[in-house]
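Below is structure-v2.txt, which holds compact mmCIF, C-alpha atoms.
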# COMPACT_ATOMS: atom_id res chain seq x y z
CA MET A 249 19.24 19.00 16.67
CA SER A 250 17.68 18.03 13.36
CA TYR A 251 15.99 14.96 11.91
CA ASN A 252 18.93 14.62 9.52
CA CYS A 253 21.84 16.71 8.25
CA SER A 254 20.40 17.49 4.84
CA ILE A 255 22.48 16.32 1.87
CA ASP A 256 26.12 16.87 1.00
CA GLY A 257 26.88 20.59 0.63
CA VAL A 258 23.32 21.82 1.25
CA GLY A 259 21.76 23.29 4.41
CA LEU A 260 23.40 21.80 7.48
CA GLY A 261 25.63 19.91 5.05
CA LYS A 262 27.54 23.16 4.52
CA LEU A 263 28.31 23.44 8.25
CA LEU A 264 29.28 19.79 8.25
CA ASN A 265 31.78 20.34 5.44
CA THR A 266 33.42 23.25 7.30
CA ARG A 267 33.61 21.24 10.56
CA GLN A 268 31.32 23.66 12.42
CA ILE A 269 29.12 20.94 13.91
CA LYS A 270 30.37 19.16 17.04
CA ARG A 271 27.32 16.97 17.76
CA MET A 272 24.16 16.03 15.90
CA VAL A 273 21.05 14.77 17.68
CA SER A 274 19.34 13.06 14.76
CA SER A 275 17.27 10.10 13.62
CA TYR A 276 18.45 9.56 10.08
CA VAL A 277 21.78 9.76 8.31
CA GLY A 278 20.27 8.78 4.98
CA GLU A 279 22.18 9.60 1.83
CA ASN A 280 24.56 12.16 3.38
CA LYS A 281 27.85 10.31 2.87
CA GLU A 282 29.91 13.00 4.62
CA PHE A 283 27.67 12.75 7.69
CA ALA A 284 28.23 8.99 7.84
CA ARG A 285 31.96 9.32 7.16
CA GLN A 286 32.61 11.89 9.88
CA TYR A 287 30.64 9.84 12.40
CA LEU A 288 32.36 6.53 11.60
CA CYS A 289 35.81 8.19 11.54
CA GLY A 290 35.38 9.84 14.94
CA GLU A 291 35.19 13.40 13.64
CA LEU A 292 31.55 14.01 14.66
CA GLU A 293 29.45 13.14 17.70
CA VAL A 294 26.04 11.71 16.76
CA GLU A 295 23.26 10.95 19.22
CA LEU A 296 20.94 8.72 17.19
CA THR A 297 17.37 9.02 18.43
CA PRO A 298 14.15 7.42 17.12
CA GLN A 299 12.28 9.97 15.03
CA GLY A 300 9.10 9.95 17.10
CA THR A 301 11.08 10.16 20.31
CA LEU A 302 13.03 13.10 18.89
CA ALA A 303 9.80 14.90 17.96
CA GLU A 304 8.32 14.25 21.40
CA ARG A 305 11.51 15.30 23.22
CA ILE A 306 11.35 18.61 21.36
CA ARG A 307 7.60 19.01 21.94
CA ALA A 308 8.05 18.23 25.65
CA GLY A 309 10.86 20.79 25.88
CA GLY A 310 8.61 23.43 24.37
CA ALA A 311 5.82 22.45 26.79
CA GLY A 312 8.00 22.67 29.91
CA ILE A 313 7.88 18.90 30.53
CA PRO A 314 11.26 17.56 31.67
CA ALA A 315 10.80 13.89 30.73
CA PHE A 316 8.31 11.25 29.56
CA TYR A 317 8.02 7.48 29.07
CA THR A 318 7.71 5.68 25.75
CA ALA A 319 7.70 2.05 24.61
CA THR A 320 9.91 3.01 21.65
CA GLY A 321 13.34 1.44 21.94
CA PHE A 322 12.61 -0.87 24.87
CA GLY A 323 14.79 -3.98 24.62
CA THR A 324 17.14 -2.32 22.11
CA ALA A 325 20.37 -0.34 22.37
CA ILE A 326 18.22 2.72 23.12
CA GLN A 327 17.31 1.14 26.46
CA HIS A 328 20.57 -0.67 27.18
CA GLY A 329 22.92 2.10 26.01
CA GLY A 330 26.32 1.54 24.49
CA THR A 331 25.70 2.80 20.96
CA PRO A 332 28.68 4.97 20.02
CA ILE A 333 28.03 8.70 20.16
CA LYS A 334 31.64 9.23 19.18
CA HIS A 335 34.19 6.81 17.75
CA THR A 336 37.94 6.94 18.14
CA THR A 337 39.95 7.21 14.94
CA ASP A 338 40.48 3.42 14.99
CA GLY A 339 36.75 2.71 15.28
CA ALA A 340 36.44 2.03 19.01
CA THR A 341 33.83 3.75 21.16
CA GLU A 342 35.02 6.98 22.78
CA ILE A 343 31.62 8.22 24.01
CA ALA A 344 28.75 5.76 24.46
CA ALA A 345 25.05 6.48 24.78
CA PRO A 346 23.87 6.00 28.38
CA PRO A 347 21.21 3.42 29.35
CA ARG A 348 17.65 4.59 29.96
CA GLU A 349 15.57 4.34 33.10
CA VAL A 350 12.79 1.75 32.72
CA ARG A 351 9.34 1.59 34.30
CA THR A 352 6.30 -0.63 33.84
CA PHE A 353 2.82 0.79 33.36
CA ASN A 354 -0.26 -1.43 33.02
CA GLY A 355 1.93 -4.45 32.38
CA ARG A 356 4.01 -2.89 29.60
CA ASP A 357 7.62 -1.71 29.78
CA TYR A 358 8.70 1.82 28.88
CA VAL A 359 11.94 3.81 28.75
CA MET A 360 12.32 7.35 30.05
CA GLU A 361 13.40 10.07 27.65
CA THR A 362 14.36 13.60 28.63
CA SER A 363 13.13 16.69 26.82
CA ILE A 364 15.19 18.95 24.56
CA THR A 365 15.37 22.72 24.25
CA GLY A 366 17.73 24.87 22.23
CA ASP A 367 19.32 28.27 22.67
CA TYR A 368 18.07 29.03 19.18
CA ALA A 369 15.39 27.49 16.99
CA LEU A 370 15.75 28.15 13.26
CA ILE A 371 12.39 27.74 11.53
CA LYS A 372 11.20 27.90 7.93
CA ALA A 373 7.62 29.14 7.43
CA TRP A 374 5.45 29.76 4.42
CA LYS A 375 3.76 32.86 5.82
CA ALA A 376 4.26 34.98 8.94
CA ASP A 377 2.48 38.06 10.11
CA GLU A 378 4.08 40.96 11.95
CA LEU A 379 3.14 39.45 15.34
CA GLY A 380 5.05 36.28 14.52
CA ASN A 381 2.08 34.04 13.84
CA LEU A 382 3.16 31.28 11.44
CA MET A 383 1.70 29.14 8.67
CA PHE A 384 3.44 26.14 7.12
CA LYS A 385 2.70 24.78 3.68
CA ALA A 386 1.75 21.15 3.13
CA SER A 387 4.32 18.68 4.49
CA ALA A 388 6.71 21.50 5.48
CA ASN A 389 5.01 21.56 8.89
CA ASN A 390 7.01 18.45 10.02
CA PHE A 391 9.57 19.37 12.72
CA ASN A 392 9.10 23.12 12.23
CA ALA A 393 6.08 23.28 14.53
CA PRO A 394 7.50 21.60 17.65
CA MET A 395 10.92 23.19 17.19
CA ALA A 396 9.37 26.66 17.02
CA THR A 397 8.21 26.21 20.62
CA ALA A 398 11.43 24.73 22.00
CA GLY A 399 13.95 27.52 21.40
CA LYS A 400 14.90 30.21 23.88
CA ILE A 401 15.10 32.45 20.82
CA THR A 402 13.09 31.38 17.77
CA ILE A 403 14.15 32.89 14.43
CA VAL A 404 11.85 32.36 11.48
CA GLU A 405 12.62 32.70 7.80
CA ALA A 406 9.32 33.28 6.03
CA GLU A 407 8.57 33.27 2.33
CA GLU A 408 6.03 36.01 2.89
CA ILE A 409 5.42 38.47 5.75
CA VAL A 410 1.88 39.81 5.84
CA PRO A 411 0.12 42.50 7.93
CA VAL A 412 -1.55 41.54 11.20
CA GLY A 413 -5.07 40.33 10.52
CA GLU A 414 -4.39 38.90 7.07
CA LEU A 415 -3.96 35.38 8.45
CA SER A 416 -7.18 33.83 9.68
CA PRO A 417 -6.85 32.64 13.31
CA SER A 418 -7.92 29.16 12.22
CA GLU A 419 -5.06 29.03 9.68
CA ILE A 420 -2.28 29.77 12.17
CA HIS A 421 -0.12 26.77 13.07
CA ILE A 422 2.19 28.49 15.60
CA PRO A 423 1.10 31.58 17.56
CA GLY A 424 3.48 34.50 17.71
CA ILE A 425 4.16 34.12 21.43
CA HIS A 426 6.85 31.58 20.49
CA VAL A 427 8.55 33.72 17.83
CA HIS A 428 11.23 36.31 18.51
CA ARG A 429 12.55 37.31 15.09
CA ILE A 430 11.30 37.09 11.50
CA VAL A 431 13.41 37.29 8.37
CA LYS A 432 12.02 37.47 4.86
CA GLY A 433 14.11 35.37 2.53
CA SER A 434 15.29 37.10 -0.60
CA LYS A 435 15.89 34.03 -2.73
CA TYR A 436 14.52 30.52 -2.55
CA GLU A 437 15.89 27.41 -4.15
CA LYS A 438 13.74 24.57 -2.85
CA ARG A 439 15.84 21.53 -3.51
CA ILE A 440 14.15 18.16 -3.74
CA GLU A 441 16.29 15.23 -2.71
CA LYS A 442 14.34 12.63 -4.69
CA VAL A 443 12.16 13.87 -7.52
CA THR A 444 9.95 10.79 -7.96
CA VAL A 445 7.30 10.77 -10.68
CA ARG A 446 5.00 8.09 -12.00
CA ASN A 447 4.93 6.72 -15.50
CA ASP A 448 1.53 5.28 -16.31
CA ASP A 449 3.00 3.42 -19.29
CA GLU A 450 5.71 1.67 -17.27
CA SER A 451 6.28 -2.01 -18.06
CA HIS A 452 8.00 -4.58 -15.84
CA ALA A 453 9.12 -6.79 -18.72
CA ASP A 454 12.38 -4.92 -19.30
CA LEU A 455 13.36 -4.57 -15.63
CA PRO A 456 16.56 -6.27 -14.43
CA PRO A 457 16.11 -9.56 -12.51
CA ALA A 458 16.84 -7.95 -9.13
CA MET A 459 14.03 -5.43 -9.62
CA GLN A 460 11.65 -8.10 -10.90
CA LYS A 461 12.32 -10.01 -7.67
CA ARG A 462 11.47 -6.89 -5.69
CA ILE A 463 8.26 -6.41 -7.69
CA LYS A 464 7.23 -9.95 -6.75
CA ILE A 465 7.67 -9.13 -3.06
CA ILE A 466 5.88 -5.81 -3.48
CA ARG A 467 2.88 -7.38 -5.23
CA ARG A 468 2.51 -9.92 -2.44
CA ALA A 469 2.85 -7.22 0.21
CA ALA A 470 0.00 -5.28 -1.44
CA ARG A 471 -2.37 -8.13 -0.53
CA GLU A 472 -2.00 -7.08 3.11
CA PHE A 473 -4.11 -3.99 2.43
CA LYS A 474 -7.77 -4.15 3.46
CA ASP A 475 -10.49 -1.68 2.60
CA GLY A 476 -10.61 1.27 5.00
CA MET A 477 -7.23 0.47 6.54
CA TYR A 478 -4.80 3.10 7.84
CA ALA A 479 -1.22 2.15 6.96
CA ASN A 480 2.36 3.41 7.00
CA LEU A 481 4.82 2.24 4.36
CA GLY A 482 8.57 2.34 4.86
CA ILE A 483 11.14 3.86 2.53
CA GLY A 484 11.97 1.92 -0.63
CA MET A 485 10.29 -1.38 -1.44
CA PRO A 486 7.36 -1.05 1.03
CA MET A 487 6.33 2.33 -0.40
CA LEU A 488 6.03 0.79 -3.87
CA ALA A 489 3.37 -1.61 -2.58
CA SER A 490 0.86 1.23 -2.77
CA ASN A 491 1.06 0.97 -6.58
CA TYR A 492 -0.61 -2.44 -6.41
CA ILE A 493 -3.60 -1.79 -4.16
CA GLU A 494 -6.62 -3.62 -5.57
CA PRO A 495 -9.08 -1.42 -7.49
CA GLY A 496 -11.97 -0.43 -5.25
CA THR A 497 -9.90 -0.84 -2.06
CA ILE A 498 -9.44 2.40 -0.12
CA VAL A 499 -6.29 2.58 2.01
CA HIS A 500 -5.40 5.70 3.98
CA LEU A 501 -1.60 6.00 3.79
CA GLN A 502 0.27 7.92 6.47
CA SER A 503 3.75 9.43 6.26
CA GLU A 504 5.78 10.10 9.41
CA ASN A 505 6.62 13.66 8.37
CA GLY A 506 2.98 14.68 8.72
CA ILE A 507 0.69 13.49 5.92
CA LEU A 508 -2.45 11.37 6.02
CA GLY A 509 -4.02 10.46 2.70
CA LEU A 510 -0.98 9.96 0.46
CA GLY A 511 -1.77 9.58 -3.20
CA PRO A 512 0.36 8.22 -6.03
CA PHE A 513 3.66 9.71 -7.08
CA PRO A 514 3.03 12.89 -9.10
CA LEU A 515 3.28 13.46 -12.78
CA GLN A 516 6.19 15.73 -13.68
CA SER A 517 3.79 18.67 -13.95
CA GLN A 518 2.51 18.05 -10.38
CA VAL A 519 5.87 18.05 -8.56
CA ASP A 520 5.73 20.31 -5.47
CA PRO A 521 8.86 20.81 -3.30
CA ASP A 522 6.63 21.35 -0.25
CA LEU A 523 4.92 18.01 -0.75
CA ILE A 524 7.27 15.12 0.02
CA ASN A 525 7.06 11.93 2.05
CA ALA A 526 9.33 10.69 4.84
CA GLY A 527 11.66 9.18 2.24
CA LYS A 528 12.18 12.65 0.70
CA GLU A 529 10.23 11.63 -2.41
CA THR A 530 7.71 13.87 -4.15
CA VAL A 531 4.12 12.73 -3.60
CA THR A 532 0.50 13.77 -4.03
CA VAL A 533 -2.36 13.87 -1.54
CA LEU A 534 -5.83 12.48 -2.16
CA PRO A 535 -9.07 14.37 -1.48
CA GLY A 536 -9.71 14.22 2.26
CA GLY A 537 -5.98 14.16 3.07
CA SER A 538 -4.45 16.29 5.79
CA PHE A 539 -1.15 17.75 6.99
CA PHE A 540 0.18 18.01 10.53
CA SER A 541 3.40 18.23 12.54
CA SER A 542 5.84 15.39 13.23
CA ASP A 543 4.93 15.16 16.91
CA THR A 544 1.23 14.76 16.00
CA SER A 545 2.20 12.17 13.39
CA PHE A 546 4.04 10.02 15.91
CA ALA A 547 1.28 10.40 18.46
CA MET A 548 -0.91 8.61 15.89
CA ILE A 549 1.75 5.93 15.48
CA ARG A 550 2.50 5.28 19.17
CA SER A 551 -1.19 5.12 20.06
CA SER A 552 -1.78 2.35 17.45
CA ARG A 553 -4.09 4.42 15.27
CA LEU A 554 -2.50 2.67 12.29
CA ASP A 555 -3.71 -0.80 11.34
CA LEU A 556 -0.59 -1.79 9.41
CA THR A 557 3.02 -0.86 8.90
CA ILE A 558 5.20 -2.40 6.20
CA LEU A 559 8.94 -1.83 6.38
CA GLY A 560 12.22 -3.34 5.24
CA GLY A 561 14.64 -5.44 7.25
CA MET A 562 18.28 -6.48 7.38
CA GLU A 563 17.55 -9.39 9.74
CA VAL A 564 14.51 -10.92 11.45
CA SER A 565 14.70 -13.53 14.20
CA GLN A 566 12.43 -16.55 14.61
CA THR A 567 10.72 -14.77 17.52
CA GLY A 568 10.02 -11.61 15.52
CA ASP A 569 12.92 -9.39 16.55
CA LEU A 570 13.83 -6.90 13.82
CA ALA A 571 17.19 -5.30 12.89
CA ASN A 572 17.22 -2.71 10.12
CA TRP A 573 19.10 0.44 11.04
CA ILE A 574 22.85 -0.03 11.49
CA ILE A 575 25.81 -2.30 10.77
CA PRO A 576 28.26 -1.26 13.50
CA GLY A 577 31.44 0.28 12.16
CA LYS A 578 30.38 -0.09 8.52
CA MET A 579 26.99 1.35 7.66
CA VAL A 580 24.76 3.70 9.56
CA LYS A 581 21.44 4.87 8.13
CA GLY A 582 19.78 5.63 11.44
CA MET A 583 16.53 4.23 12.72
CA GLY A 584 14.32 7.02 11.40
CA GLY A 585 10.76 6.29 12.50
CA ALA A 586 11.09 2.48 12.41
CA MET A 587 11.51 2.00 16.17
CA ASP A 588 8.37 4.03 16.83
CA LEU A 589 6.37 2.19 14.18
CA VAL A 590 7.21 -1.29 15.47
CA SER A 591 6.58 -0.33 19.11
CA ALA A 592 2.87 0.37 18.50
CA ALA A 593 1.15 -2.39 20.47
CA ASN A 594 -1.84 -3.00 18.20
CA THR A 595 -0.41 -2.28 14.75
CA LYS A 596 0.37 -5.24 12.48
CA VAL A 597 4.04 -5.19 11.46
CA VAL A 598 4.99 -6.75 8.11
CA VAL A 599 8.63 -6.92 6.98
CA THR A 600 9.49 -7.16 3.28
CA MET A 601 13.01 -8.20 2.30
CA ASP A 602 15.16 -10.52 0.24
CA HIS A 603 15.33 -13.97 1.81
CA ASN A 604 19.14 -13.98 1.61
CA ASP A 605 21.80 -11.31 1.39
CA LYS A 606 24.01 -10.75 -1.65
CA SER A 607 26.41 -13.45 -0.46
CA GLY A 608 23.59 -15.96 -0.03
CA HIS A 609 23.54 -15.85 3.76
CA PRO A 610 20.14 -16.14 5.49
CA LYS A 611 18.50 -12.97 6.75
CA ILE A 612 15.96 -14.91 8.82
CA LEU A 613 17.84 -16.26 11.84
CA GLU A 614 17.48 -17.86 15.26
CA LYS A 615 18.76 -14.59 16.72
CA CYS A 616 19.62 -11.28 15.06
CA SER A 617 23.33 -10.47 14.97
CA LEU A 618 22.79 -6.75 14.33
CA PRO A 619 21.49 -4.14 16.82
CA LEU A 620 17.73 -4.44 17.18
CA THR A 621 15.03 -2.07 15.98
CA GLY A 622 12.37 -3.84 18.02
CA VAL A 623 11.90 -6.96 20.15
CA GLY A 624 9.23 -9.49 19.21
CA CYS A 625 7.56 -6.88 17.05
CA VAL A 626 7.21 -8.58 13.64
CA ASN A 627 3.96 -10.34 12.75
CA ARG A 628 4.67 -11.38 9.17
CA ILE A 629 7.72 -11.70 6.89
CA ILE A 630 7.37 -11.54 3.08
CA THR A 631 10.40 -12.47 0.99
CA ASP A 632 11.11 -13.48 -2.59
CA LYS A 633 10.77 -17.12 -1.50
CA CYS A 634 7.93 -17.32 0.99
CA VAL A 635 5.66 -15.80 3.63
CA PHE A 636 6.25 -16.53 7.32
CA ASP A 637 3.98 -15.68 10.22
CA VAL A 638 5.53 -15.16 13.65
CA VAL A 639 3.47 -17.15 16.14
CA PRO A 640 3.93 -15.80 19.70
CA GLY A 641 5.54 -18.35 21.97
CA LYS A 642 6.19 -20.80 19.12
CA GLY A 643 8.25 -19.20 16.36
CA LEU A 644 7.85 -19.14 12.59
CA LEU A 645 5.07 -20.73 10.60
CA LEU A 646 5.53 -21.09 6.83
CA ARG A 647 2.27 -19.85 5.31
CA GLU A 648 2.91 -19.38 1.58
CA LEU A 649 5.47 -20.15 -1.11
CA ALA A 650 6.53 -18.13 -4.11
CA LYS A 651 6.06 -19.75 -7.51
CA GLY A 652 8.66 -22.44 -8.17
CA VAL A 653 9.89 -22.54 -4.54
CA THR A 654 9.61 -25.70 -2.42
CA VAL A 655 9.55 -26.17 1.33
CA GLU A 656 13.04 -27.69 1.09
CA ASP A 657 14.26 -24.61 -0.80
CA VAL A 658 13.06 -22.49 2.11
CA ARG A 659 14.64 -24.78 4.72
CA SER A 660 18.02 -24.65 2.99
CA SER A 661 18.01 -20.85 2.78
CA THR A 662 16.64 -20.02 6.24
CA GLY A 663 18.83 -19.73 9.33
CA CYS A 664 16.38 -21.21 11.84
CA ASN A 665 13.75 -23.90 12.29
CA PHE A 666 10.11 -23.32 11.41
CA ASP A 667 6.79 -25.11 11.23
CA VAL A 668 4.86 -25.59 7.99
CA ALA A 669 1.15 -24.80 7.68
CA ALA A 670 -0.96 -27.75 6.54
CA ASP A 671 -2.31 -25.75 3.61
CA VAL A 672 0.95 -24.14 2.47
CA ALA A 673 0.92 -23.54 -1.30
CA GLU A 674 2.44 -21.43 -4.07
CA THR A 675 0.47 -18.19 -4.05
CA TYR A 676 2.61 -15.46 -5.69
Full structure transcribed into structure tokens:
Amino acid sequence: MSYNCSIDGVGLGKLLNTRQIKRMVSSYVGENKEFARQYLCGELEVELTPQGTLAERIRAGGAGIPAFYTATGFGTAIQHGGTPIKHTTDGATEIAAPPREVRTFNGRDYVMETSITGDYALIKAWKADELGNLMFKASANNFNAPMATAGKITIVEAEEIVPVGELSPSEIHIPGIHVHRIVKGSKYEKRIEKVTVRNDDESHADLPPAMQKRIKIIRRAAREFKDGMYANLGIGMPMLASNYIEPGTIVHLQSENGILGLGPFPLQSQVDPDLINAGKETVTVLPGGSFFSSDTSFAMIRSSRLDLTILGGMEVSQTGDLANWIIPGKMVKGMGGAMDLVSAANTKVVVTMDHNDKSGHPKILEKCSLPLTGVGCVNRIITDKCVFDVVPGKGLLLRELAKGVTVEDVRSSTGCNFDVAADVAETY
């Protein structure tokens, strides 16, 4: 059980290469090509689980709770089952995920998820004392904290082991009652998957057309930010929107791996391998920021503490269904935290994406053809051509046009009907 399988040849990637992993319970395949290959070729069982659900299943296991209900995944393949856990060599489904039990509470539907425990929990800590009390550094808290409680035997590799009493009780993240063994690492190579730094002198004039199109979408998405707002930005294009927040506007950015108060990407001299976002990119934290575990992070998300989430999409339907995590048999990235983010009842969901795919086919459709991330969850769609609002019970309303785009241009490149606002105009 792990959020992902690291990268090729590193960490769990080494066990993957030597065929020592039978099944992964994960949320994100990401850039590990061997992980994706083994899964699609039927060599590896993969139980894909929404990131917040995975964190809560682990936390519940450590708390002695056998099961719980969550809105995450309702109406999707998580609820209905059928997603391949294991393929045959010819791409058919050999083992399929089972359907979930469903119950309704206070008029809203939820799926039941069972808890997870492990025979062993392998944990990485910054500091440990001789009683097993643990401290994590910056964003390295993430899944370490809940997993430390959910193992029958918890083994900790610590960068530093200190005498009892040296750690202040208020600094301890995991009490020693959960820890069985401590190992002091002899050599550390903290690899960073995506060293991302900012260049204050960067110009957009020399960017290729595809990137300039993305910048146009990003700039428009940045107008969604309001002063004092709490927001989560998805991997890729949505995250870049933070670079265009209006001066004087304060936005508190949250990252699923346990950060509140994200700052800009660091300068090269500020890069810290213990300070990364959910997209594995190096980041900074603003004054007043905080760090916490993944289960606490998703508790914020599920309870609608966030005002806004912006994320990418492969397809969006005219009723606001979203698909963005898998192309069956071809591409599997995993849902990561997207299913949790779009299931928050009172969080505005904005999708940023190209209006059409590389072949010119519409990505906004009457009905999504790909497995869903969420049902009726999207409030606004921002593309390189226009801005749509999803009006409950009615469908899409064309709100804004990009410069040089007409209503007829949008009609000819959109795969469903829509209404046009009386005051629609070119705005970005």
I want to know what sits within 7 Å of Gly561 (chain A), based on only C-alpha atoms, with residues of the same chain fewer than 6 positions away left out; could you give that as a PDB file with C-alpha atoms, keeping the file's coordinate frame?
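part.pdb, written as the output of this step:
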ATOM      1  CA  LEU A 570      13.830  -6.900  13.820  1.00  0.00           C
ATOM      2  CA  ALA A 571      17.190  -5.300  12.890  1.00  0.00           C
ATOM      3  CA  ASN A 572      17.220  -2.710  10.120  1.00  0.00           C
ATOM      4  CA  VAL A 599       8.630  -6.920   6.980  1.00  0.00           C
ATOM      5  CA  THR A 600       9.490  -7.160   3.280  1.00  0.00           C
ATOM      6  CA  MET A 601      13.010  -8.200   2.300  1.00  0.00           C
TER       7      MET A 601
END
Using CA of Glu419 (chain A) and CA of Asn381 (chain A) as the two end points, give the distance in Å to one decimal. 9.7 Å
Distance in Å - CA of His335 (chain A) versus CA of Arg271 (chain A):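 Computed distance, CA of His335 (chain A) to CA of Arg271 (chain A), equals 12.3 Å.
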For Gly433 (chain A), the nearest of the candidates A:Lys375, A:Lys581, A:Lys615, A:His421, counting only C-alpha atoms: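 Of A:Lys375, A:Lys581, A:Lys615, A:His421, the one nearest Gly433 (chain A), counting only C-alpha atoms, is A:Lys375.
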Pairwise distance for CA of Gly484 (chain A) and CA of Leu559 (chain A), rounded to one decimal in Å: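 Atom-to-atom, CA of Gly484 (chain A) and CA of Leu559 (chain A) are spaced 8.5 Å apart.
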So, counting all atoms listed in the file, which residue among A:Ile364, A:Met272, A:Leu260, A:Ala586 is closest to Ile306 (chain A)?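 Ranked by minimum distance to Ile306 (chain A), first place goes to A:Ile364.
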Let me make sure I understand: among A:Leu488, A:Arg471, A:Ser541, A:Val533, which one has the smallest atom-to-atom distance to Gly511 (chain A) if we use only C-alpha atoms?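 Result for the nearest residue to Gly511 (chain A): A:Val533.
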With a distance cut-off of 9 Å and only C-alpha atoms, select the neighbouring residues of Val445 (chain A), excluding the residue or stretch itself and same-chain residues fewer than 5 positions from it, and output the selection as a ChimeraX atom specification. /A:512-516,518-519,529-531
Please provide as a PDB file with C-alpha atoms, keeping the file's coordinate frame all residues within 8 Å of Lys474 (chain A), with the sequence filter that same-chain residues fewer than 3 positions apart are discarded (counting all atoms listed in the file).
ATOM      1  CA  ARG A 471      -2.370  -8.130  -0.530  1.00  0.00           C
ATOM      2  CA  MET A 477      -7.230   0.470   6.540  1.00  0.00           C
ATOM      3  CA  THR A 497      -9.900  -0.840  -2.060  1.00  0.00           C
ATOM      4  CA  ILE A 498      -9.440   2.400  -0.120  1.00  0.00           C
ATOM      5  CA  VAL A 499      -6.290   2.580   2.010  1.00  0.00           C
TER       6      VAL A 499
END
Which of these, A:Phe283, A:Asn594, A:Tyr317, A:Glu407, has the shortest distance to Ser552 (chain A) once you count all atoms listed in the file? A:Asn594
Which of these residues is nearest to Ser418 (chain A), using all atoms listed in the file: A:Met395, A:Leu382, A:Val443, A:Ala369?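 Going through A:Met395, A:Leu382, A:Val443, A:Ala369 one by one, the smallest distance to Ser418 (chain A) is for A:Leu382.
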Quick one: of A:Asp256, A:Glu494, A:Glu291, A:Asp543, who's nearest to Ala308 (chain A), counting only C-alpha atoms?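 Selected residue with least distance to Ala308 (chain A): A:Asp543.
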Incomplete region 329-340 of chain A brought to N, CA, C and O atoms, written out as a tab-separated table (two decimals), keeping the file's coordinate frame:
chain	number	residue	atom	x	y	z
A	329	GLY	N	21.78	1.22	26.17
A	329	GLY	CA	22.92	2.10	26.01
A	329	GLY	C	24.05	1.40	25.29
A	329	GLY	O	23.95	0.25	24.86
A	330	GLY	N	25.14	2.12	25.11
A	330	GLY	CA	26.32	1.54	24.49
A	330	GLY	C	26.53	1.90	23.04
A	330	GLY	O	27.64	1.74	22.51
A	331	THR	N	25.50	2.38	22.35
A	331	THR	CA	25.70	2.80	20.96
A	331	THR	C	26.70	3.96	20.92
A	331	THR	O	26.58	4.92	21.69
A	332	PRO	N	27.68	3.90	20.05
A	332	PRO	CA	28.68	4.97	20.02
A	332	PRO	C	28.08	6.33	19.67
A	332	PRO	O	27.37	6.46	18.67
A	333	ILE	N	28.31	7.31	20.51
A	333	ILE	CA	28.03	8.70	20.16
A	333	ILE	C	29.24	9.27	19.42
A	333	ILE	O	29.11	10.00	18.45
A	334	LYS	N	30.42	8.84	19.87
A	334	LYS	CA	31.64	9.23	19.18
A	334	LYS	C	32.60	8.05	19.12
A	334	LYS	O	32.80	7.35	20.13
A	335	HIS	N	33.17	7.84	17.93
A	335	HIS	CA	34.19	6.81	17.75
A	335	HIS	C	35.58	7.40	17.93
A	335	HIS	O	35.78	8.61	17.76
A	336	THR	N	36.54	6.56	18.24
A	336	THR	CA	37.94	6.94	18.14
A	336	THR	C	38.34	6.81	16.67
A	336	THR	O	37.60	6.26	15.85
A	337	THR	N	39.51	7.27	16.33
A	337	THR	CA	39.95	7.21	14.94
A	337	THR	C	40.15	5.77	14.46
A	337	THR	O	40.12	5.51	13.26
A	338	ASP	N	40.32	4.82	15.40
A	338	ASP	CA	40.48	3.42	14.99
A	338	ASP	C	39.18	2.63	15.11
A	338	ASP	O	39.18	1.41	15.01
A	339	GLY	N	38.06	3.35	15.31
A	339	GLY	CA	36.75	2.71	15.28
A	339	GLY	C	36.20	2.24	16.61
A	339	GLY	O	35.07	1.76	16.68
A	340	ALA	N	36.95	2.39	17.69
A	340	ALA	CA	36.44	2.03	19.01
A	340	ALA	C	35.47	3.10	19.50
A	340	ALA	O	35.34	4.17	18.91
